[in-house]
Amino acid sequence: MNETTFDVIVIGAGPGGYVAAIRCAQLGLKTACVDRWTAQDDAPSLGGTCLNVGCIPSKALLESSERFEAIRHQADSHGIETGSVVINVEKMQARKRQIVSELTGGIAALFKANKIAFIAGHGQLMKAGHVRVTLHDGTGQDLAARHVILASGSVPVSLPGMEIDNKRIFDSSGALEFSEVPKTLGIIGAGVIGLELGSVWRRLGASVTILEAQDTLLPSADPMIAREAKKQFGQQGLDIRLSCKVSRVETTDKGCHIHYEMPDGAESIEVERLVVAVGRRPSSDGLLDDGCGVQVDDKGFVPVDASGATAVAGVWAIGDLVRGPMLAHKASEEGVAVAEQIASGSGHIDHDYIPWVIYTHPEIAWVGASESDLKSSQTPFNSGIFPFAASGRAKAVGDTIGFVKILSHGQTDRILGVHMIGPQTSELINEATFAMAMEASAEDLARTVHAHPTFSEAVHEAALGTARRAIHKANR
């Protein structure tokens with residue numbers, strides 16, 4: 001590539017970086033995007049962790065495993081008679097890889113259509129407006145631009161004494177690539193990643209034990225949601241052990257011997273494979289030259305202001321590299337906002353209205369404040385709860401687990417938080433997020449006509465419930 005001077009250089013092609021690059025190009029800015037091409041890759045692959053080893057492949061496996069379980073355990077109730085049902089892991093993984101390939105190829109096509117220069121290599125910010133790229137063959141290339149957007153994403157957190165070899169001890173990426181179903185699987189961490197991976201391999205036949213250091217499951221979720229989730233996961237066969245501090249892991253010819261401390265004393269368990277899923281950290285190693293002026297905090301995050309600007313003029317940072325939840329949709333919207341800031345000075349994202357989703361079964365989703373948050377801040381509130389067991393659509397589908405909970409201000413009725421566990425909540429949460437972004441009241445949702453029969457009627461009824469007006473549920 002001969003062109004080395006641009007309006008904007010984006011370092012990272014994940015859901016934050018590639019979206020930022022596309023929006024910059026749409027706004028008429030000459031844009032380059034730099035992303036790693038590691039030695040083990042046959043070719044550069046756009047999309048970052050999300051598309052390659054995160055959001056998309058995990059959802060593909062969750063869908064395959066859920067269909068497998070539904071055929072085995074629910075088909076008969078629908079009058080569908082089946083013979084022996086088996087899982088072909090190789091085909092399942094091939095389907096996952098095909099989906100990933102199509103989506104990453106789609107980004108490459110978008111880059112081409114928007115005339116974005118893609119440079120495969122490791123990008124490092126040298127000083128404001130200057131980026132050095134170490135190419136795949138080890139040679140270097142220097143780029144210059146008026147603006148640089150740092151979007152290098154995150155990597156899995158490792159634990160001391162537990163070296164990831166992806167043979168016995170796996171990180172979250174390795175756990176998406178199993179070629180066979182392990183008989184026993186241990187997972188350290190009961191967060192989003194641990195629960196989703198545990199669900200996949202439990203459905204396919206593994207005996208799954210999840211070891212979590214905290215004394216509550218999903219502490220960021222509303223307590224009612226967390227309690228219901230723990231109950232449902234337990235009934236499914238996920239063995240979740242809370243207040244569990246792993247002290248050491250010994251690998252053996254048969255697998256892993258995990259030693260851990262419980263409140264009542266030391267215990268141990270042997271598993272065929274172990275997944276370490278204790279969270280992620282910013283991928284800022286090697287991103288910043290000592291003289292570039294941009295600093296990172298003690299956890300590796302790059303400090304930015306409300307607009308995404310760093311302390312160095314012309315340098316921006318987004319996504320998992322900065323404050324806030326490590327969520328793909330948050331990174332993408334920050335990428336759009338920063339691109340618009342660069343072009344016109346008017347980009348914006350409201351971090352108060354970012355939804356969370358866990359794609360287990362039942363699905364879990366929430367946005368805004370929890371009941372615990374409101375009690376802690378002494379905010380007056382009303383609560384409306386509607387169970388899917390009272391939903392006609394849920395009954396017809398045969399998926400009645402869970403409920404929708406809406407919290408509204410006790411005086412103004414403005415919606416402060418919406419929490420869901422049950423069918424299709426990954427889709428339903430977006431209505432709630434939009435309502436909150438529009439500063440809607442529970443009354444606004446209650447007076448909005450919802451199609452019947454739909455899962456979204458549960459949102460409508462929960463809104464009615466904040467004023468004790470739910471129709472299809474006894475109001476107390």
# chains A, B, ... in the order shown; residues from 1 in each chain; ligands from 1
>>> residues_around(residues="range 213-223 of chain A", least_positions_apart="5", cutoff="9 Å", atoms="only C-alpha atoms", output="PyMOL selection string")
chain A and resi 188-192+228-230+240-246+364-366+369-373+419
>>> write_last_selection(atoms="N, CA and C atoms", output="PDB file, in the first residue's frame")
ATOM      1  N   ILE A 188     -14.200 -21.842  35.859  1.00  0.00           N
ATOM      2  CA  ILE A 188     -13.943 -20.878  36.918  1.00  0.00           C
ATOM      3  C   ILE A 188     -14.540 -19.549  36.471  1.00  0.00           C
ATOM      4  N   GLY A 189     -15.589 -19.127  37.166  1.00  0.00           N
ATOM      5  CA  GLY A 189     -16.257 -17.877  36.824  1.00  0.00           C
ATOM      6  C   GLY A 189     -17.684 -18.108  36.375  1.00  0.00           C
ATOM      7  N   ALA A 190     -18.641 -17.500  37.101  1.00  0.00           N
ATOM      8  CA  ALA A 190     -20.061 -17.656  36.765  1.00  0.00           C
ATOM      9  C   ALA A 190     -20.628 -16.370  36.207  1.00  0.00           C
ATOM     10  N   GLY A 191     -19.813 -15.663  35.422  1.00  0.00           N
ATOM     11  CA  GLY A 191     -20.297 -14.476  34.735  1.00  0.00           C
ATOM     12  C   GLY A 191     -20.981 -14.856  33.436  1.00  0.00           C
ATOM     13  N   VAL A 192     -21.142 -13.882  32.561  1.00  0.00           N
ATOM     14  CA  VAL A 192     -21.821 -14.119  31.285  1.00  0.00           C
ATOM     15  C   VAL A 192     -21.148 -15.233  30.496  1.00  0.00           C
ATOM     16  N   GLU A 228     -33.830 -16.230  40.447  1.00  0.00           N
ATOM     17  CA  GLU A 228     -34.534 -17.090  39.489  1.00  0.00           C
ATOM     18  C   GLU A 228     -33.546 -17.793  38.558  1.00  0.00           C
ATOM     19  N   ALA A 229     -32.503 -17.081  38.155  1.00  0.00           N
ATOM     20  CA  ALA A 229     -31.494 -17.673  37.277  1.00  0.00           C
ATOM     21  C   ALA A 229     -30.805 -18.841  37.967  1.00  0.00           C
ATOM     22  N   LYS A 230     -30.401 -18.654  39.197  1.00  0.00           N
ATOM     23  CA  LYS A 230     -29.721 -19.736  39.932  1.00  0.00           C
ATOM     24  C   LYS A 230     -30.635 -20.949  40.074  1.00  0.00           C
ATOM     25  N   ILE A 240     -23.473 -24.942  40.242  1.00  0.00           N
ATOM     26  CA  ILE A 240     -22.839 -23.650  40.480  1.00  0.00           C
ATOM     27  C   ILE A 240     -22.490 -23.534  41.954  1.00  0.00           C
ATOM     28  N   ARG A 241     -21.211 -23.409  42.242  1.00  0.00           N
ATOM     29  CA  ARG A 241     -20.732 -23.328  43.619  1.00  0.00           C
ATOM     30  C   ARG A 241     -20.225 -21.914  43.888  1.00  0.00           C
ATOM     31  N   LEU A 242     -20.938 -21.187  44.756  1.00  0.00           N
ATOM     32  CA  LEU A 242     -20.598 -19.816  45.090  1.00  0.00           C
ATOM     33  C   LEU A 242     -19.645 -19.763  46.275  1.00  0.00           C
ATOM     34  N   SER A 243     -19.068 -18.586  46.501  1.00  0.00           N
ATOM     35  CA  SER A 243     -18.089 -18.376  47.592  1.00  0.00           C
ATOM     36  C   SER A 243     -16.967 -19.396  47.504  1.00  0.00           C
ATOM     37  N   CYS A 244     -16.522 -19.627  46.291  1.00  0.00           N
ATOM     38  CA  CYS A 244     -15.549 -20.690  46.024  1.00  0.00           C
ATOM     39  C   CYS A 244     -14.249 -20.062  45.526  1.00  0.00           C
ATOM     40  N   LYS A 245     -13.203 -20.140  46.323  1.00  0.00           N
ATOM     41  CA  LYS A 245     -11.903 -19.552  45.980  1.00  0.00           C
ATOM     42  C   LYS A 245     -10.950 -20.662  45.513  1.00  0.00           C
ATOM     43  N   VAL A 246     -10.653 -20.678  44.226  1.00  0.00           N
ATOM     44  CA  VAL A 246      -9.746 -21.688  43.687  1.00  0.00           C
ATOM     45  C   VAL A 246      -8.323 -21.362  44.121  1.00  0.00           C
ATOM     46  N   ILE A 364     -31.515 -13.786  29.849  1.00  0.00           N
ATOM     47  CA  ILE A 364     -31.535 -12.781  30.914  1.00  0.00           C
ATOM     48  C   ILE A 364     -31.137 -11.440  30.304  1.00  0.00           C
ATOM     49  N   ALA A 365     -31.896 -10.386  30.620  1.00  0.00           N
ATOM     50  CA  ALA A 365     -31.574  -9.070  30.070  1.00  0.00           C
ATOM     51  C   ALA A 365     -32.004  -7.989  31.046  1.00  0.00           C
ATOM     52  N   TRP A 366     -31.258  -6.905  31.048  1.00  0.00           N
ATOM     53  CA  TRP A 366     -31.659  -5.774  31.883  1.00  0.00           C
ATOM     54  C   TRP A 366     -31.058  -4.483  31.368  1.00  0.00           C
ATOM     55  N   ALA A 369     -31.406   0.828  36.408  1.00  0.00           N
ATOM     56  CA  ALA A 369     -31.175   0.539  37.819  1.00  0.00           C
ATOM     57  C   ALA A 369     -31.901  -0.723  38.271  1.00  0.00           C
ATOM     58  N   SER A 370     -31.286  -1.438  39.212  1.00  0.00           N
ATOM     59  CA  SER A 370     -31.925  -2.593  39.843  1.00  0.00           C
ATOM     60  C   SER A 370     -32.656  -2.127  41.096  1.00  0.00           C
ATOM     61  N   GLU A 371     -33.443  -3.024  41.684  1.00  0.00           N
ATOM     62  CA  GLU A 371     -34.134  -2.681  42.925  1.00  0.00           C
ATOM     63  C   GLU A 371     -33.126  -2.371  44.031  1.00  0.00           C
ATOM     64  N   SER A 372     -32.019  -3.116  44.059  1.00  0.00           N
ATOM     65  CA  SER A 372     -30.978  -2.853  45.061  1.00  0.00           C
ATOM     66  C   SER A 372     -30.398  -1.453  44.886  1.00  0.00           C
ATOM     67  N   ASP A 373     -30.167  -1.058  43.626  1.00  0.00           N
ATOM     68  CA  ASP A 373     -29.633   0.281  43.356  1.00  0.00           C
ATOM     69  C   ASP A 373     -30.570   1.359  43.902  1.00  0.00           C
ATOM     70  N   HIS A 419     -35.956  -5.322  33.951  1.00  0.00           N
ATOM     71  CA  HIS A 419     -35.207  -6.556  34.177  1.00  0.00           C
ATOM     72  C   HIS A 419     -36.054  -7.739  33.731  1.00  0.00           C
TER      73      HIS A 419
END
>>> closest_atom_pairs(of="range 341-456 of chain A", to="range 58-69 of chain A", cutoff="9 Å", atoms="only C-alpha atoms", output="Markdown table")
| residue | atom | partner | partner_atom | distance |
| --- | --- | --- | --- | --- |
| A:Tyr359 | CA | A:Lys59 | CA | 7.3 |
| A:Thr360 | CA | A:Leu62 | CA | 7.6 |
| A:His361 | CA | A:Glu66 | CA | 8.0 |
>>> write_last_selection(atoms="N, CA and C atoms", output="CSV table (one decimal), in the first residue's frame")
chain,number,residue,atom,x,y,z
A,359,TYR,N,-27.2,-14.9,27.0
A,359,TYR,CA,-28.0,-15.8,26.1
A,359,TYR,C,-28.1,-17.2,26.5
A,360,THR,N,-28.4,-17.4,27.8
A,360,THR,CA,-28.6,-18.8,28.3
A,360,THR,C,-30.1,-19.1,28.0
A,361,HIS,N,-30.6,-20.2,28.5
A,361,HIS,CA,-32.0,-20.5,28.6
A,361,HIS,C,-32.4,-20.7,30.0
>>> residues_around(residues="Ala458 in chain A", least_positions_apart="6", cutoff="8 Å", atoms="only C-alpha atoms", output="compact mmCIF listing (two decimals) with C-alpha atoms, in the first residue's frame")
# COMPACT_ATOMS: atom_id res chain seq x y z
CA PHE A 386 -45.50 -10.05 35.06
CA PRO A 387 -44.74 -13.78 34.73
CA PHE A 388 -44.42 -15.49 31.35
CA SER A 391 -48.56 -15.10 28.71
CA PHE A 403 -40.88 -12.77 34.21
CA VAL A 404 -40.54 -9.09 33.29
>>> atom_distance(atom1="CA of Ala343 in chain A", atom2="CA of Val296 in chain A")
25.9 Å
>>> residues_around(residues="range 399-401 of chain A", least_positions_apart="5", cutoff="10 Å", atoms="only C-alpha atoms", output="JSON, numbers by chain")
{"A": [228, 232, 361, 362, 363, 387, 388, 389, 390, 391, 392, 393, 394, 421, 422, 423, 424]}
>>> select_by_dssp(residues="range 21-164 of chain A", states="helix (DSSP H, G or I)", output="VMD selection string")
chain A and resid 21 to 26 48 to 53 55 to 73 75 to 78 89 to 113
>>> select_by_dssp(residues="range 178-272 of chain A", states="strand (DSSP E)", output="ChimeraX atom specification")
/A:184-188,207-211,239-241,245-251,256-262,265-271
>>> write_last_selection(atoms="N, CA and C atoms", output="compact mmCIF listing (two decimals), in the first residue's frame")
# COMPACT_ATOMS: atom_id res chain seq x y z
N THR A 184 -16.66 -34.41 31.77
CA THR A 184 -16.76 -33.47 32.88
C THR A 184 -16.05 -32.18 32.52
N LEU A 185 -16.67 -31.07 32.87
CA LEU A 185 -16.12 -29.76 32.52
C LEU A 185 -16.20 -28.85 33.74
N GLY A 186 -15.07 -28.27 34.12
CA GLY A 186 -15.04 -27.27 35.17
C GLY A 186 -14.90 -25.89 34.57
N ILE A 187 -15.57 -24.92 35.15
CA ILE A 187 -15.48 -23.54 34.69
C ILE A 187 -15.24 -22.65 35.90
N ILE A 188 -14.20 -21.84 35.86
CA ILE A 188 -13.94 -20.88 36.92
C ILE A 188 -14.54 -19.55 36.47
N SER A 207 -21.02 -33.04 32.17
CA SER A 207 -21.34 -32.71 33.56
C SER A 207 -20.53 -31.46 33.90
N VAL A 208 -21.23 -30.34 34.17
CA VAL A 208 -20.58 -29.04 34.28
C VAL A 208 -20.63 -28.53 35.72
N THR A 209 -19.46 -28.16 36.23
CA THR A 209 -19.34 -27.53 37.55
C THR A 209 -18.75 -26.14 37.37
N ILE A 210 -19.46 -25.13 37.89
CA ILE A 210 -18.99 -23.74 37.78
C ILE A 210 -18.59 -23.26 39.17
N LEU A 211 -17.37 -22.78 39.28
CA LEU A 211 -16.82 -22.32 40.56
C LEU A 211 -16.73 -20.80 40.53
N ASP A 239 -24.01 -27.25 38.03
CA ASP A 239 -23.60 -27.25 39.44
C ASP A 239 -22.81 -25.97 39.70
N ILE A 240 -23.47 -24.94 40.24
CA ILE A 240 -22.84 -23.65 40.48
C ILE A 240 -22.49 -23.53 41.95
N ARG A 241 -21.21 -23.41 42.24
CA ARG A 241 -20.73 -23.33 43.62
C ARG A 241 -20.23 -21.91 43.89
N LYS A 245 -13.20 -20.14 46.32
CA LYS A 245 -11.90 -19.55 45.98
C LYS A 245 -10.95 -20.66 45.51
N VAL A 246 -10.65 -20.68 44.23
CA VAL A 246 -9.75 -21.69 43.69
C VAL A 246 -8.32 -21.36 44.12
N SER A 247 -7.66 -22.33 44.73
CA SER A 247 -6.30 -22.10 45.24
C SER A 247 -5.23 -22.60 44.28
N ARG A 248 -5.46 -23.77 43.67
CA ARG A 248 -4.48 -24.27 42.70
C ARG A 248 -5.14 -25.32 41.81
N VAL A 249 -4.49 -25.55 40.67
CA VAL A 249 -4.96 -26.55 39.71
C VAL A 249 -3.78 -27.41 39.30
N GLU A 250 -3.97 -28.70 39.38
CA GLU A 250 -2.94 -29.65 38.94
C GLU A 250 -3.45 -30.36 37.69
N THR A 251 -2.67 -30.33 36.61
CA THR A 251 -3.05 -31.07 35.42
C THR A 251 -2.52 -32.50 35.53
N CYS A 256 -7.83 -32.29 34.99
CA CYS A 256 -7.40 -31.28 35.96
C CYS A 256 -7.94 -31.60 37.34
N HIS A 257 -7.10 -31.43 38.33
CA HIS A 257 -7.50 -31.58 39.72
C HIS A 257 -7.54 -30.18 40.32
N ILE A 258 -8.75 -29.70 40.65
CA ILE A 258 -8.94 -28.33 41.11
C ILE A 258 -9.10 -28.32 42.62
N HIS A 259 -8.28 -27.53 43.28
CA HIS A 259 -8.37 -27.37 44.73
C HIS A 259 -8.98 -25.99 45.02
N TYR A 260 -9.96 -25.94 45.91
CA TYR A 260 -10.59 -24.67 46.21
C TYR A 260 -11.08 -24.62 47.65
N GLU A 261 -11.28 -23.40 48.12
CA GLU A 261 -11.72 -23.16 49.49
C GLU A 261 -13.18 -22.72 49.48
N MET A 262 -13.99 -23.38 50.30
CA MET A 262 -15.38 -23.00 50.53
C MET A 262 -15.49 -22.45 51.95
N GLY A 265 -14.58 -25.03 54.43
CA GLY A 265 -13.29 -25.70 54.38
C GLY A 265 -12.82 -26.01 52.98
N ALA A 266 -11.70 -26.71 52.88
CA ALA A 266 -11.09 -27.02 51.58
C ALA A 266 -11.81 -28.19 50.91
N GLU A 267 -11.93 -28.08 49.57
CA GLU A 267 -12.52 -29.14 48.78
C GLU A 267 -11.73 -29.27 47.48
N SER A 268 -12.03 -30.30 46.71
CA SER A 268 -11.38 -30.46 45.41
C SER A 268 -12.32 -31.21 44.48
N ILE A 269 -12.03 -31.10 43.20
CA ILE A 269 -12.82 -31.78 42.18
C ILE A 269 -11.92 -32.09 41.00
N GLU A 270 -12.19 -33.21 40.34
CA GLU A 270 -11.45 -33.57 39.13
C GLU A 270 -12.35 -33.43 37.92
N VAL A 271 -11.83 -32.81 36.89
CA VAL A 271 -12.58 -32.64 35.64
C VAL A 271 -11.69 -32.99 34.46
>>> residues_around(residues="range 141-152 of chain A", least_positions_apart="6", cutoff="6 Å", atoms="only C-alpha atoms", output="PyMOL selection string")
chain A and resi 4-12+17+129-133+283+314-318
>>> write_last_selection(atoms="N, CA and C atoms", output="PDB file, in the first residue's frame")
ATOM      1  N   THR A   4       0.052   6.511   2.890  1.00  0.00           N
ATOM      2  CA  THR A   4       0.395   6.385   4.308  1.00  0.00           C
ATOM      3  C   THR A   4      -0.124   7.546   5.140  1.00  0.00           C
ATOM      4  N   THR A   5      -0.828   8.495   4.525  1.00  0.00           N
ATOM      5  CA  THR A   5      -1.365   9.645   5.237  1.00  0.00           C
ATOM      6  C   THR A   5      -2.890   9.646   5.124  1.00  0.00           C
ATOM      7  N   PHE A   6      -3.544   9.808   6.280  1.00  0.00           N
ATOM      8  CA  PHE A   6      -5.004   9.695   6.320  1.00  0.00           C
ATOM      9  C   PHE A   6      -5.593  10.792   7.200  1.00  0.00           C
ATOM     10  N   ASP A   7      -6.912  10.908   7.146  1.00  0.00           N
ATOM     11  CA  ASP A   7      -7.605  11.768   8.102  1.00  0.00           C
ATOM     12  C   ASP A   7      -7.734  11.058   9.446  1.00  0.00           C
ATOM     13  N   VAL A   8      -8.044   9.750   9.378  1.00  0.00           N
ATOM     14  CA  VAL A   8      -8.255   8.966  10.595  1.00  0.00           C
ATOM     15  C   VAL A   8      -7.589   7.601  10.451  1.00  0.00           C
ATOM     16  N   ILE A   9      -6.896   7.171  11.489  1.00  0.00           N
ATOM     17  CA  ILE A   9      -6.393   5.800  11.583  1.00  0.00           C
ATOM     18  C   ILE A   9      -7.073   5.154  12.780  1.00  0.00           C
ATOM     19  N   VAL A  10      -7.677   4.001  12.549  1.00  0.00           N
ATOM     20  CA  VAL A  10      -8.308   3.235  13.625  1.00  0.00           C
ATOM     21  C   VAL A  10      -7.430   2.025  13.917  1.00  0.00           C
ATOM     22  N   ILE A  11      -7.048   1.845  15.173  1.00  0.00           N
ATOM     23  CA  ILE A  11      -6.274   0.654  15.558  1.00  0.00           C
ATOM     24  C   ILE A  11      -7.227  -0.330  16.206  1.00  0.00           C
ATOM     25  N   GLY A  12      -7.529  -1.397  15.475  1.00  0.00           N
ATOM     26  CA  GLY A  12      -8.473  -2.408  15.947  1.00  0.00           C
ATOM     27  C   GLY A  12      -9.664  -2.510  15.015  1.00  0.00           C
ATOM     28  N   GLY A  17     -13.947  -0.764  16.474  1.00  0.00           N
ATOM     29  CA  GLY A  17     -13.051  -0.235  15.462  1.00  0.00           C
ATOM     30  C   GLY A  17     -13.602  -0.248  14.053  1.00  0.00           C
ATOM     31  N   GLY A 129      -1.012  11.405  16.056  1.00  0.00           N
ATOM     32  CA  GLY A 129      -1.053  11.428  14.601  1.00  0.00           C
ATOM     33  C   GLY A 129      -0.109  10.490  13.910  1.00  0.00           C
ATOM     34  N   HIS A 130       0.643   9.692  14.644  1.00  0.00           N
ATOM     35  CA  HIS A 130       1.601   8.782  14.023  1.00  0.00           C
ATOM     36  C   HIS A 130       1.431   7.361  14.576  1.00  0.00           C
ATOM     37  N   VAL A 131       1.311   6.404  13.678  1.00  0.00           N
ATOM     38  CA  VAL A 131       1.131   4.997  14.044  1.00  0.00           C
ATOM     39  C   VAL A 131       2.164   4.162  13.312  1.00  0.00           C
ATOM     40  N   ARG A 132       2.841   3.297  14.044  1.00  0.00           N
ATOM     41  CA  ARG A 132       3.781   2.356  13.430  1.00  0.00           C
ATOM     42  C   ARG A 132       3.124   0.985  13.396  1.00  0.00           C
ATOM     43  N   VAL A 133       3.155   0.359  12.223  1.00  0.00           N
ATOM     44  CA  VAL A 133       2.538  -0.954  12.042  1.00  0.00           C
ATOM     45  C   VAL A 133       3.626  -1.989  11.793  1.00  0.00           C
ATOM     46  N   SER A 283      -6.906  -4.770  26.061  1.00  0.00           N
ATOM     47  CA  SER A 283      -5.758  -5.212  25.273  1.00  0.00           C
ATOM     48  C   SER A 283      -4.890  -3.997  24.942  1.00  0.00           C
ATOM     49  N   GLY A 314      -6.404  14.840  19.411  1.00  0.00           N
ATOM     50  CA  GLY A 314      -6.438  14.033  18.195  1.00  0.00           C
ATOM     51  C   GLY A 314      -6.384  12.547  18.428  1.00  0.00           C
ATOM     52  N   VAL A 315      -6.300  12.100  19.673  1.00  0.00           N
ATOM     53  CA  VAL A 315      -6.275  10.670  19.988  1.00  0.00           C
ATOM     54  C   VAL A 315      -7.522  10.323  20.793  1.00  0.00           C
ATOM     55  N   TRP A 316      -8.240   9.316  20.334  1.00  0.00           N
ATOM     56  CA  TRP A 316      -9.506   8.895  20.923  1.00  0.00           C
ATOM     57  C   TRP A 316      -9.425   7.421  21.309  1.00  0.00           C
ATOM     58  N   ALA A 317     -10.296   6.984  22.197  1.00  0.00           N
ATOM     59  CA  ALA A 317     -10.315   5.569  22.566  1.00  0.00           C
ATOM     60  C   ALA A 317     -11.752   5.138  22.836  1.00  0.00           C
ATOM     61  N   ILE A 318     -12.057   3.879  22.481  1.00  0.00           N
ATOM     62  CA  ILE A 318     -13.431   3.385  22.580  1.00  0.00           C
ATOM     63  C   ILE A 318     -13.439   1.917  22.995  1.00  0.00           C
TER      64      ILE A 318
END
>>> closest_residue(among="A:Pro355, A:Val19, A:His460, A:Thr454", to="Ile406 in chain A", atoms="only C-alpha atoms")
A:His460
>>> closest_residue(among="A:Gly237, A:Glu272, A:Ile116, A:Val336", to="Val181 in chain A", atoms="only C-alpha atoms")
A:Glu272
>>> atom_distance(atom1="CA of Leu29 in chain A", atom2="CA of Val100 in chain A")
28.5 Å
>>> residues_around(residues="Gly106 in chain A", least_positions_apart="5", cutoff="12 Å", atoms="only C-alpha atoms", output="ChimeraX atom specification")
/A:18,45-47,51,99-101,111-113
>>> atom_distance(atom1="CA of Thr252 in chain A", atom2="CA of Val200 in chain A")
24.7 Å
>>> closest_residue(among="A:Gly138, A:Val89, A:Met224, A:Arg97", to="Gly205 in chain A", atoms="only C-alpha atoms")
A:Val89
>>> closest_residue(among="A:Glu340, A:Ser408, A:Met420, A:Leu238", to="Ile225 in chain A", atoms="only C-alpha atoms")
A:Met420
>>> decode(residues="range 57-76 of chain A", atoms="C-alpha atoms", output="PDB file, in the first residue's frame")
ATOM      1  CA  PRO A  57     -19.525 -18.154  17.561  1.00  0.00           C
ATOM      2  CA  SER A  58     -20.877 -18.535  21.096  1.00  0.00           C
ATOM      3  CA  LYS A  59     -24.411 -17.694  19.937  1.00  0.00           C
ATOM      4  CA  ALA A  60     -24.100 -20.184  17.090  1.00  0.00           C
ATOM      5  CA  LEU A  61     -23.164 -22.935  19.556  1.00  0.00           C
ATOM      6  CA  LEU A  62     -25.873 -21.857  21.991  1.00  0.00           C
ATOM      7  CA  GLU A  63     -28.471 -22.117  19.232  1.00  0.00           C
ATOM      8  CA  SER A  64     -27.264 -25.535  18.065  1.00  0.00           C
ATOM      9  CA  SER A  65     -27.137 -26.924  21.589  1.00  0.00           C
ATOM     10  CA  GLU A  66     -30.554 -25.505  22.493  1.00  0.00           C
ATOM     11  CA  ARG A  67     -32.136 -27.095  19.424  1.00  0.00           C
ATOM     12  CA  PHE A  68     -30.506 -30.410  20.301  1.00  0.00           C
ATOM     13  CA  GLU A  69     -31.906 -30.270  23.821  1.00  0.00           C
ATOM     14  CA  ALA A  70     -35.343 -29.181  22.612  1.00  0.00           C
ATOM     15  CA  ILE A  71     -35.570 -32.130  20.224  1.00  0.00           C
ATOM     16  CA  ARG A  72     -34.596 -34.546  22.977  1.00  0.00           C
ATOM     17  CA  HIS A  73     -36.795 -33.192  25.736  1.00  0.00           C
ATOM     18  CA  GLN A  74     -39.620 -31.116  24.234  1.00  0.00           C
ATOM     19  CA  ALA A  75     -40.496 -32.597  20.853  1.00  0.00           C
ATOM     20  CA  ASP A  76     -42.755 -35.269  22.338  1.00  0.00           C
TER      21      ASP A  76
END
